[in-house]
$ cat protein.txt   # compact mmCIF, C-alpha atoms
# COMPACT_ATOMS: atom_id res chain seq x y z
CA MET A 243 -19.58 27.71 1.00
CA PHE A 244 -16.35 28.20 -0.95
CA ILE A 245 -15.22 31.84 -0.83
CA LYS A 246 -12.57 33.33 -3.11
CA ILE A 247 -11.16 36.83 -2.68
CA CYS A 248 -9.76 37.88 -6.05
CA GLY A 249 -7.57 40.70 -7.29
CA ILE A 250 -4.97 40.30 -4.53
CA THR A 251 -2.02 42.65 -5.06
CA SER A 252 -0.27 42.64 -1.68
CA GLU A 253 0.79 40.22 1.02
CA ASP A 254 -1.21 42.16 3.59
CA ASP A 255 -4.42 41.70 1.63
CA ALA A 256 -3.74 38.00 1.06
CA LEU A 257 -3.12 37.40 4.75
CA LEU A 258 -6.19 39.49 5.59
CA ALA A 259 -8.38 37.35 3.33
CA VAL A 260 -7.04 34.16 4.90
CA ALA A 261 -7.44 35.49 8.45
CA MET A 262 -11.05 36.43 7.72
CA GLY A 263 -11.84 32.91 6.53
CA ALA A 264 -11.44 32.91 2.74
CA ASP A 265 -10.81 29.53 1.11
CA ALA A 266 -9.00 30.91 -1.93
CA VAL A 267 -7.23 34.01 -3.19
CA GLY A 268 -6.85 35.09 -6.80
CA PHE A 269 -3.96 36.79 -8.55
CA ILE A 270 -4.78 38.52 -11.84
CA PHE A 271 -2.23 38.14 -14.63
CA ALA A 272 -4.54 39.47 -17.34
CA PRO A 273 -4.58 43.22 -18.12
CA SER A 274 -6.34 44.87 -15.17
CA PRO A 275 -5.88 47.60 -12.55
CA ARG A 276 -5.26 44.62 -10.24
CA GLN A 277 -2.67 42.92 -12.44
CA ILE A 278 0.25 41.48 -10.51
CA ALA A 279 3.75 40.39 -11.48
CA VAL A 280 4.48 36.67 -11.36
CA LYS A 281 7.38 37.12 -8.94
CA ARG A 282 5.20 39.16 -6.60
CA ALA A 283 2.47 36.51 -6.68
CA TYR A 284 5.08 33.86 -5.87
CA ASP A 285 6.40 35.84 -2.91
CA ILE A 286 2.86 36.18 -1.55
CA SER A 287 1.60 32.66 -2.24
CA ARG A 288 4.53 31.00 -0.49
CA ARG A 289 3.54 32.77 2.74
CA LEU A 290 0.00 31.41 2.76
CA PRO A 291 -1.24 28.27 4.57
CA PRO A 292 -1.16 25.12 2.39
CA GLU A 293 -4.91 24.64 2.59
CA ILE A 294 -5.58 27.94 0.79
CA LEU A 295 -6.31 27.56 -2.91
CA THR A 296 -4.13 30.04 -4.80
CA VAL A 297 -5.48 30.91 -8.24
CA GLY A 298 -3.93 32.63 -11.24
CA VAL A 299 -6.46 34.48 -13.42
CA PHE A 300 -5.85 34.62 -17.17
CA ARG A 301 -7.72 35.89 -20.21
CA ASP A 302 -7.20 34.41 -23.70
CA GLU A 303 -3.64 33.37 -22.88
CA HIS A 304 -2.03 30.43 -24.66
CA PRO A 305 -2.41 27.26 -22.55
CA SER A 306 1.33 26.66 -22.36
CA ARG A 307 1.83 30.20 -21.11
CA VAL A 308 -0.87 29.71 -18.47
CA VAL A 309 0.82 26.53 -17.24
CA ASP A 310 4.23 28.21 -17.12
CA LEU A 311 2.99 31.21 -15.15
CA VAL A 312 0.99 29.11 -12.68
CA HIS A 313 4.08 27.06 -11.92
CA GLU A 314 6.40 30.07 -11.78
CA ALA A 315 4.08 31.75 -9.29
CA GLY A 316 3.78 28.59 -7.20
CA LEU A 317 0.00 28.54 -7.52
CA LYS A 318 -2.42 25.61 -7.28
CA ALA A 319 -5.08 26.64 -9.82
CA ALA A 320 -5.76 28.53 -13.02
CA GLN A 321 -8.88 30.53 -13.81
CA LEU A 322 -9.52 31.01 -17.52
CA HIS A 323 -11.55 34.17 -17.93
CA GLY A 324 -11.67 34.65 -21.68
CA HIS A 325 -12.85 32.83 -24.80
CA GLU A 326 -10.93 29.66 -24.09
CA SER A 327 -12.18 26.49 -25.77
CA ALA A 328 -12.71 23.08 -24.21
CA ALA A 329 -9.40 22.07 -25.84
CA ASP A 330 -7.64 25.00 -24.12
CA VAL A 331 -9.12 23.97 -20.76
CA ALA A 332 -7.98 20.39 -21.32
CA ALA A 333 -4.47 21.52 -22.22
CA VAL A 334 -4.17 23.52 -19.00
CA SER A 335 -5.78 20.76 -16.95
CA ALA A 336 -3.11 18.33 -18.10
CA SER A 337 -0.53 20.24 -16.03
CA VAL A 338 -2.55 22.26 -13.49
CA ARG A 339 -4.59 20.30 -10.98
CA PHE A 340 -7.49 22.74 -10.56
CA VAL A 341 -8.90 24.76 -13.45
CA ILE A 342 -11.82 27.19 -13.17
CA LYS A 343 -13.51 28.19 -16.43
CA ALA A 344 -15.32 31.52 -16.31
CA VAL A 345 -18.46 31.97 -18.40
CA VAL A 346 -20.76 34.94 -18.92
CA ALA A 347 -24.28 34.64 -17.50
CA GLY A 348 -26.83 34.04 -20.24
CA SER A 349 -24.22 33.03 -22.82
CA THR A 350 -23.93 29.89 -24.93
CA ASP A 351 -20.85 28.96 -22.91
CA ALA A 352 -22.90 29.10 -19.71
CA ARG A 353 -25.62 26.90 -21.17
CA HIS A 354 -22.96 24.37 -22.21
CA ALA A 355 -20.62 24.80 -19.26
CA ASP A 356 -20.48 21.04 -18.78
CA LYS A 357 -18.62 20.71 -22.09
CA PHE A 358 -15.47 22.42 -20.82
CA GLY A 359 -14.30 19.33 -18.96
CA THR A 360 -13.71 21.01 -15.62
CA GLY A 361 -15.66 20.63 -12.40
CA LEU A 362 -15.42 24.31 -11.49
CA VAL A 363 -17.23 27.02 -13.47
CA LEU A 364 -17.32 30.69 -12.49
CA LEU A 365 -20.47 32.54 -13.55
CA ASP A 366 -19.75 36.21 -14.13
CA ALA A 367 -21.28 39.39 -15.49
CA PRO A 368 -20.58 40.43 -19.12
CA ALA A 369 -17.94 42.94 -17.95
CA PRO A 370 -15.64 41.16 -15.45
CA GLY A 371 -14.21 43.42 -12.77
CA SER A 372 -16.81 46.12 -13.40
CA GLY A 373 -18.60 45.55 -10.12
CA ARG A 374 -21.91 45.24 -11.97
CA VAL A 375 -24.55 42.72 -10.93
CA PHE A 376 -26.20 40.53 -13.57
CA ASP A 377 -29.69 39.03 -13.50
CA TRP A 378 -29.26 36.17 -11.03
CA SER A 379 -32.14 34.24 -12.58
CA LEU A 380 -29.71 33.49 -15.44
CA ALA A 381 -27.87 31.14 -13.08
CA GLY A 382 -30.66 28.67 -13.75
CA ASP A 383 -29.54 28.41 -17.38
CA VAL A 384 -26.11 27.02 -16.52
CA ALA A 385 -25.64 23.38 -17.51
CA LEU A 386 -25.82 20.88 -14.69
CA GLY A 387 -22.67 19.13 -13.58
CA PRO A 388 -19.90 21.60 -12.68
CA ARG A 389 -19.75 23.32 -9.32
CA ILE A 390 -20.80 26.94 -9.82
CA ILE A 391 -18.86 29.85 -8.32
CA LEU A 392 -20.95 33.02 -8.48
CA ALA A 393 -19.24 36.34 -9.27
CA GLY A 394 -20.18 39.70 -10.73
CA GLY A 395 -20.92 42.74 -8.57
CA LEU A 396 -21.14 40.87 -5.27
CA THR A 397 -20.81 42.95 -2.09
CA PRO A 398 -21.31 42.44 1.64
CA THR A 399 -24.79 43.91 1.15
CA ASN A 400 -26.05 41.66 -1.65
CA VAL A 401 -24.10 38.39 -1.30
CA ALA A 402 -26.65 36.82 1.06
CA ASP A 403 -29.47 37.45 -1.41
CA ALA A 404 -27.30 36.13 -4.25
CA VAL A 405 -26.55 32.92 -2.37
CA THR A 406 -30.18 32.45 -1.35
CA GLN A 407 -31.45 32.94 -4.90
CA THR A 408 -28.85 30.99 -6.87
CA ARG A 409 -27.55 28.40 -4.37
CA PRO A 410 -24.01 28.37 -5.80
CA TRP A 411 -21.22 26.11 -4.60
CA GLY A 412 -19.08 29.20 -4.02
CA VAL A 413 -18.75 32.96 -4.43
CA ASP A 414 -16.00 35.18 -5.79
CA VAL A 415 -15.44 38.86 -5.04
CA SER A 416 -12.90 41.56 -5.84
CA THR A 417 -14.33 45.05 -6.45
CA GLY A 418 -17.03 44.64 -3.80
CA VAL A 419 -14.53 44.44 -0.94
CA GLU A 420 -12.12 47.17 -2.04
CA SER A 421 -11.42 50.66 -0.77
CA GLU A 422 -9.77 51.36 -4.15
CA PRO A 423 -8.75 49.16 -7.11
CA GLY A 424 -6.31 46.55 -5.83
CA LYS A 425 -6.68 47.47 -2.16
CA LYS A 426 -8.96 45.40 0.06
CA ASP A 427 -10.95 46.95 2.90
CA PRO A 428 -10.72 44.78 6.04
CA ARG A 429 -14.23 45.67 7.18
CA LEU A 430 -15.74 44.82 3.80
CA VAL A 431 -13.83 41.54 3.53
CA ARG A 432 -14.97 40.50 7.00
CA ALA A 433 -18.58 41.50 6.33
CA PHE A 434 -18.66 39.75 2.96
CA ILE A 435 -17.36 36.44 4.29
CA ALA A 436 -19.69 36.55 7.29
CA ALA A 437 -22.72 37.28 5.11
CA ALA A 438 -21.87 34.54 2.61
CA ARG A 439 -21.36 31.97 5.36
CA ALA A 440 -24.59 32.95 7.13
CA ALA A 441 -26.59 32.52 3.91
CA THR A 442 -25.14 29.10 3.10
CA PRO A 443 -27.87 26.45 2.84
CA SER A 444 -27.54 24.04 5.76
CA PRO A 445 -26.86 20.90 3.65
CA TYR A 446 -23.55 22.45 2.58
CA VAL A 447 -22.35 23.21 6.09
CA GLY A 448 -20.22 20.78 8.10
CA PRO A 449 -18.65 21.17 11.54
CA ASP A 450 -15.26 22.82 11.17
CA GLU A 451 -14.81 21.40 7.69
CA MET A 452 -13.45 23.05 4.58
CA PRO A 453 -16.09 23.18 1.85
CA TYR A 454 -13.63 21.35 -0.40
CA ASP A 455 -10.66 19.13 0.34
CA TRP A 456 -7.92 20.34 -1.96
CA GLN A 457 -6.01 17.11 -1.43
CA ASP A 458 -8.71 15.17 -3.28
CA ASP A 459 -9.33 15.25 -7.00
CA LEU A 460 -12.58 16.64 -8.35
$ encode --input "protein.txt" --output "structure tokens"
Amino acid sequence: MFIKICGITSEDDALLAVAMGADAVGFIFAPSPRQIAVKRAYDISRRLPPEILTVGVFRDEHPSRVVDLVHEAGLKAAQLHGHESAADVAAVSASVRFVIKAVVAGSTDARHADKFGTGLVLLDAPAPGSGRVFDWSLAGDVALGPRIILAGGLTPTNVADAVTQTRPWGVDVSTGVESEPGKKDPRLVRAFIAAARAATPSPYVGPDEMPYDWQDDL
């Protein structure tokens, strides 16, 4: 089970997420209470282990700007969380190795998620960052092909049910493990990761293996 802790705003929270077993951390560059400066993201990302996937989150940003900011921040991946087209995804993918395209559950984009040309699709609620849960049955409408990362209102309390019902490749959380916007709660982070791992279907679990080898292409 791939686990991403998003909305990181401090080095302490990034190191906490890694220590608790997260596979990825996300830095939000789009307007948000959790928005972070590029230089700050760079200072944090360079302190993290190389196996951690560092992700810059953008919304309706020009592809060239996305590429520039990802490189300036020293990140490995871009998450496009707006109305980006397949052409936008392709433009970013040409210069950024890993691209996650976010889609809204129940939307046309979700039903045609395989058309974006990326192997990683994040399925979110209509209001990203709101902490609201969507109808998980909508996960069944997502086009087959891409690996699905489930987001939207996940918490330590409900993530096990979410994983059991939707069988995603990964999960993404921000609000659900915070004590306040932009500040992660160590107890919630630990509980979330433990619950997600415990609910992982056995075929996806390997002995002491990362759920994804970031040195290999998708």
$ residues_around --input "protein.txt" --residues "Ala347 (chain A)" --least-positions-apart "6" --cutoff "10 Å" --atoms "all atoms listed in the file" --output "ChimeraX atom specification"
/A:353,364-368,376-384,392-394
$ atom_distance --input "protein.txt" --atom1 "CA of Ala256 (chain A)" --atom2 "CA of Ser337 (chain A)"
24.9 Å
$ atom_distance --input "protein.txt" --atom1 "CA of Val401 (chain A)" --atom2 "CA of Ala266 (chain A)"
16.9 Å
$ closest_residue --input "protein.txt" --among "A:Arg409, A:Gly424, A:Val308, A:Gly316" --to "Ser274 (chain A)" --atoms "all atoms listed in the file"
A:Gly424
$ residues_around --input "protein.txt" --residues "Ile278 (chain A)" --least-positions-apart "2" --cutoff "12 Å" --atoms "all atoms listed in the file" --output "list in words"
Cys248, Gly249, Ile250, Thr251, Ser252, Glu253, Gly268, Phe269, Ile270, Phe271, Ala272, Pro273, Ser274, Pro275, Arg276, Val280, Lys281, Arg282, Ala283, Tyr284, Asp285, Ile286, Gly298, Val299, Phe300, Leu311, Ala315 and Gly424 of chain A
$ closest_residue --input "protein.txt" --among "A:Pro292, A:Ala355, A:His313, A:Ile247" --to "Thr397 (chain A)" --atoms "only C-alpha atoms"
A:Ile247
$ atom_distance --input "protein.txt" --atom1 "CA of Lys246 (chain A)" --atom2 "CA of Thr399 (chain A)"
16.7 Å
$ residues_around --input "protein.txt" --residues "Gly361 (chain A)" --least-positions-apart "3" --cutoff "10 Å" --atoms "all atoms listed in the file" --output "VMD selection string"
chain A and resid 340 to 343 355 to 356 358 387 to 390 459 to 460
$ write_last_selection --input "protein.txt" --atoms "C-alpha atoms" --output "mmCIF file, in the coordinates of the input"
data_model
loop_
_atom_site.group_PDB
_atom_site.id
_atom_site.type_symbol
_atom_site.label_atom_id
_atom_site.label_comp_id
_atom_site.auth_asym_id
_atom_site.auth_seq_id
_atom_site.Cartn_x
_atom_site.Cartn_y
_atom_site.Cartn_z
ATOM 1 C CA PHE A 340 -7.490 22.740 -10.560
ATOM 2 C CA VAL A 341 -8.900 24.760 -13.450
ATOM 3 C CA ILE A 342 -11.820 27.190 -13.170
ATOM 4 C CA LYS A 343 -13.510 28.190 -16.430
ATOM 5 C CA ALA A 355 -20.620 24.800 -19.260
ATOM 6 C CA ASP A 356 -20.480 21.040 -18.780
ATOM 7 C CA PHE A 358 -15.470 22.420 -20.820
ATOM 8 C CA GLY A 387 -22.670 19.130 -13.580
ATOM 9 C CA PRO A 388 -19.900 21.600 -12.680
ATOM 10 C CA ARG A 389 -19.750 23.320 -9.320
ATOM 11 C CA ILE A 390 -20.800 26.940 -9.820
ATOM 12 C CA ASP A 459 -9.330 15.250 -7.000
ATOM 13 C CA LEU A 460 -12.580 16.640 -8.350
#
$ closest_residue --input "protein.txt" --among "A:Ala264, A:Ala259, A:Ala329, A:Leu396" --to "Ile245 (chain A)" --atoms "all atoms listed in the file"
A:Ala264
$ closest_residue --input "protein.txt" --among "A:Asn400, A:Thr360, A:Thr406, A:Ser327" --to "Thr442 (chain A)" --atoms "all atoms listed in the file"
A:Thr406
$ residues_around --input "protein.txt" --residues "Leu430 (chain A)" --least-positions-apart "6" --cutoff "10 Å" --atoms "all atoms listed in the file" --output "PDB file with C-alpha atoms, in the frame of the given file"
ATOM      1  CA  THR A 397     -20.810  42.950  -2.090  1.00  0.00           C
ATOM      2  CA  PRO A 398     -21.310  42.440   1.640  1.00  0.00           C
ATOM      3  CA  THR A 399     -24.790  43.910   1.150  1.00  0.00           C
ATOM      4  CA  GLY A 418     -17.030  44.640  -3.800  1.00  0.00           C
ATOM      5  CA  VAL A 419     -14.530  44.440  -0.940  1.00  0.00           C
ATOM      6  CA  GLU A 420     -12.120  47.170  -2.040  1.00  0.00           C
ATOM      7  CA  SER A 421     -11.420  50.660  -0.770  1.00  0.00           C
ATOM      8  CA  ALA A 436     -19.690  36.550   7.290  1.00  0.00           C
TER       9      ALA A 436
END
$ residues_around --input "protein.txt" --residues "His325 (chain A)" --least-positions-apart "5" --cutoff "9 Å" --atoms "all atoms listed in the file" --output "list of chain:residue names"
A:Arg301, A:Asp302, A:Ala344, A:Val345
$ write_last_selection --input "protein.txt" --atoms "C-alpha atoms" --output "PDB file, in the coordinates of the input"
ATOM      1  CA  ARG A 301      -7.720  35.890 -20.210  1.00  0.00           C
ATOM      2  CA  ASP A 302      -7.200  34.410 -23.700  1.00  0.00           C
ATOM      3  CA  ALA A 344     -15.320  31.520 -16.310  1.00  0.00           C
ATOM      4  CA  VAL A 345     -18.460  31.970 -18.400  1.00  0.00           C
TER       5      VAL A 345
END
$ build_atoms --input "protein.txt" --residues "region 273-307 of chain A" --atoms "N, CA and C atoms" --output "PDB file, keeping the file's coordinate frame"
ATOM      1  N   PRO A 273      -4.563  41.753 -18.243  1.00  0.00           N
ATOM      2  CA  PRO A 273      -4.580  43.220 -18.120  1.00  0.00           C
ATOM      3  C   PRO A 273      -5.713  43.675 -17.200  1.00  0.00           C
ATOM      4  N   SER A 274      -5.374  44.450 -16.179  1.00  0.00           N
ATOM      5  CA  SER A 274      -6.340  44.870 -15.170  1.00  0.00           C
ATOM      6  C   SER A 274      -5.671  45.860 -14.236  1.00  0.00           C
ATOM      7  N   PRO A 275      -6.456  46.747 -13.595  1.00  0.00           N
ATOM      8  CA  PRO A 275      -5.880  47.600 -12.550  1.00  0.00           C
ATOM      9  C   PRO A 275      -5.305  46.770 -11.397  1.00  0.00           C
ATOM     10  N   ARG A 276      -5.715  45.508 -11.317  1.00  0.00           N
ATOM     11  CA  ARG A 276      -5.260  44.620 -10.240  1.00  0.00           C
ATOM     12  C   ARG A 276      -4.219  43.611 -10.726  1.00  0.00           C
ATOM     13  N   GLN A 277      -3.676  43.847 -11.894  1.00  0.00           N
ATOM     14  CA  GLN A 277      -2.670  42.920 -12.440  1.00  0.00           C
ATOM     15  C   GLN A 277      -1.446  42.873 -11.534  1.00  0.00           C
ATOM     16  N   ILE A 278      -0.888  41.678 -11.398  1.00  0.00           N
ATOM     17  CA  ILE A 278       0.250  41.480 -10.510  1.00  0.00           C
ATOM     18  C   ILE A 278       1.366  40.765 -11.245  1.00  0.00           C
ATOM     19  N   ALA A 279       2.600  41.070 -10.885  1.00  0.00           N
ATOM     20  CA  ALA A 279       3.750  40.390 -11.480  1.00  0.00           C
ATOM     21  C   ALA A 279       3.859  38.976 -10.931  1.00  0.00           C
ATOM     22  N   VAL A 280       4.366  38.076 -11.758  1.00  0.00           N
ATOM     23  CA  VAL A 280       4.480  36.670 -11.360  1.00  0.00           C
ATOM     24  C   VAL A 280       5.354  36.525 -10.124  1.00  0.00           C
ATOM     25  N   LYS A 281       6.483  37.223 -10.090  1.00  0.00           N
ATOM     26  CA  LYS A 281       7.380  37.120  -8.940  1.00  0.00           C
ATOM     27  C   LYS A 281       6.705  37.596  -7.662  1.00  0.00           C
ATOM     28  N   ARG A 282       5.917  38.645  -7.764  1.00  0.00           N
ATOM     29  CA  ARG A 282       5.200  39.160  -6.600  1.00  0.00           C
ATOM     30  C   ARG A 282       4.171  38.142  -6.120  1.00  0.00           C
ATOM     31  N   ALA A 283       3.445  37.527  -7.057  1.00  0.00           N
ATOM     32  CA  ALA A 283       2.470  36.510  -6.680  1.00  0.00           C
ATOM     33  C   ALA A 283       3.154  35.325  -6.000  1.00  0.00           C
ATOM     34  N   TYR A 284       4.331  34.967  -6.494  1.00  0.00           N
ATOM     35  CA  TYR A 284       5.080  33.860  -5.870  1.00  0.00           C
ATOM     36  C   TYR A 284       5.468  34.214  -4.438  1.00  0.00           C
ATOM     37  N   ASP A 285       5.980  35.423  -4.241  1.00  0.00           N
ATOM     38  CA  ASP A 285       6.400  35.840  -2.910  1.00  0.00           C
ATOM     39  C   ASP A 285       5.228  35.819  -1.924  1.00  0.00           C
ATOM     40  N   ILE A 286       4.037  36.170  -2.416  1.00  0.00           N
ATOM     41  CA  ILE A 286       2.860  36.180  -1.550  1.00  0.00           C
ATOM     42  C   ILE A 286       2.351  34.768  -1.302  1.00  0.00           C
ATOM     43  N   SER A 287       2.209  33.989  -2.359  1.00  0.00           N
ATOM     44  CA  SER A 287       1.600  32.660  -2.240  1.00  0.00           C
ATOM     45  C   SER A 287       2.401  31.737  -1.335  1.00  0.00           C
ATOM     46  N   ARG A 288       3.707  31.886  -1.318  1.00  0.00           N
ATOM     47  CA  ARG A 288       4.530  31.000  -0.490  1.00  0.00           C
ATOM     48  C   ARG A 288       4.385  31.287   0.998  1.00  0.00           C
ATOM     49  N   ARG A 289       3.758  32.403   1.339  1.00  0.00           N
ATOM     50  CA  ARG A 289       3.540  32.770   2.740  1.00  0.00           C
ATOM     51  C   ARG A 289       2.171  32.322   3.253  1.00  0.00           C
ATOM     52  N   LEU A 290       1.368  31.761   2.382  1.00  0.00           N
ATOM     53  CA  LEU A 290       0.000  31.410   2.760  1.00  0.00           C
ATOM     54  C   LEU A 290      -0.082  29.959   3.241  1.00  0.00           C
ATOM     55  N   PRO A 291      -1.061  29.645   4.095  1.00  0.00           N
ATOM     56  CA  PRO A 291      -1.240  28.270   4.570  1.00  0.00           C
ATOM     57  C   PRO A 291      -1.480  27.324   3.396  1.00  0.00           C
ATOM     58  N   PRO A 292      -1.035  26.073   3.512  1.00  0.00           N
ATOM     59  CA  PRO A 292      -1.160  25.120   2.390  1.00  0.00           C
ATOM     60  C   PRO A 292      -2.586  24.797   2.003  1.00  0.00           C
ATOM     61  N   GLU A 293      -3.526  24.976   2.921  1.00  0.00           N
ATOM     62  CA  GLU A 293      -4.910  24.640   2.590  1.00  0.00           C
ATOM     63  C   GLU A 293      -5.612  25.710   1.768  1.00  0.00           C
ATOM     64  N   ILE A 294      -4.981  26.862   1.584  1.00  0.00           N
ATOM     65  CA  ILE A 294      -5.580  27.940   0.790  1.00  0.00           C
ATOM     66  C   ILE A 294      -5.356  27.678  -0.696  1.00  0.00           C
ATOM     67  N   LEU A 295      -6.422  27.741  -1.466  1.00  0.00           N
ATOM     68  CA  LEU A 295      -6.310  27.560  -2.910  1.00  0.00           C
ATOM     69  C   LEU A 295      -5.837  28.872  -3.526  1.00  0.00           C
ATOM     70  N   THR A 296      -4.679  28.851  -4.149  1.00  0.00           N
ATOM     71  CA  THR A 296      -4.130  30.040  -4.800  1.00  0.00           C
ATOM     72  C   THR A 296      -4.383  29.927  -6.305  1.00  0.00           C
ATOM     73  N   VAL A 297      -4.975  30.978  -6.871  1.00  0.00           N
ATOM     74  CA  VAL A 297      -5.480  30.910  -8.240  1.00  0.00           C
ATOM     75  C   VAL A 297      -4.890  32.022  -9.100  1.00  0.00           C
ATOM     76  N   GLY A 298      -4.375  31.654 -10.257  1.00  0.00           N
ATOM     77  CA  GLY A 298      -3.930  32.630 -11.240  1.00  0.00           C
ATOM     78  C   GLY A 298      -5.037  32.873 -12.241  1.00  0.00           C
ATOM     79  N   VAL A 299      -5.357  34.134 -12.515  1.00  0.00           N
ATOM     80  CA  VAL A 299      -6.460  34.480 -13.420  1.00  0.00           C
ATOM     81  C   VAL A 299      -5.893  34.962 -14.748  1.00  0.00           C
ATOM     82  N   PHE A 300      -6.356  34.337 -15.833  1.00  0.00           N
ATOM     83  CA  PHE A 300      -5.850  34.620 -17.170  1.00  0.00           C
ATOM     84  C   PHE A 300      -7.008  34.906 -18.123  1.00  0.00           C
ATOM     85  N   ARG A 301      -6.706  35.625 -19.205  1.00  0.00           N
ATOM     86  CA  ARG A 301      -7.720  35.890 -20.210  1.00  0.00           C
ATOM     87  C   ARG A 301      -7.118  35.700 -21.604  1.00  0.00           C
ATOM     88  N   ASP A 302      -7.607  34.686 -22.318  1.00  0.00           N
ATOM     89  CA  ASP A 302      -7.200  34.410 -23.700  1.00  0.00           C
ATOM     90  C   ASP A 302      -5.680  34.263 -23.826  1.00  0.00           C
ATOM     91  N   GLU A 303      -5.075  33.644 -22.860  1.00  0.00           N
ATOM     92  CA  GLU A 303      -3.640  33.370 -22.880  1.00  0.00           C
ATOM     93  C   GLU A 303      -3.429  31.970 -23.448  1.00  0.00           C
ATOM     94  N   HIS A 304      -2.315  31.757 -24.121  1.00  0.00           N
ATOM     95  CA  HIS A 304      -2.030  30.430 -24.660  1.00  0.00           C
ATOM     96  C   HIS A 304      -1.898  29.438 -23.510  1.00  0.00           C
ATOM     97  N   PRO A 305      -2.459  28.237 -23.649  1.00  0.00           N
ATOM     98  CA  PRO A 305      -2.410  27.260 -22.550  1.00  0.00           C
ATOM     99  C   PRO A 305      -1.019  27.006 -21.994  1.00  0.00           C
ATOM    100  N   SER A 306      -0.026  26.920 -22.849  1.00  0.00           N
ATOM    101  CA  SER A 306       1.330  26.660 -22.360  1.00  0.00           C
ATOM    102  C   SER A 306       1.844  27.816 -21.511  1.00  0.00           C
ATOM    103  N   ARG A 307       1.445  29.020 -21.876  1.00  0.00           N
ATOM    104  CA  ARG A 307       1.830  30.200 -21.110  1.00  0.00           C
ATOM    105  C   ARG A 307       1.141  30.200 -19.743  1.00  0.00           C
TER     106      ARG A 307
END
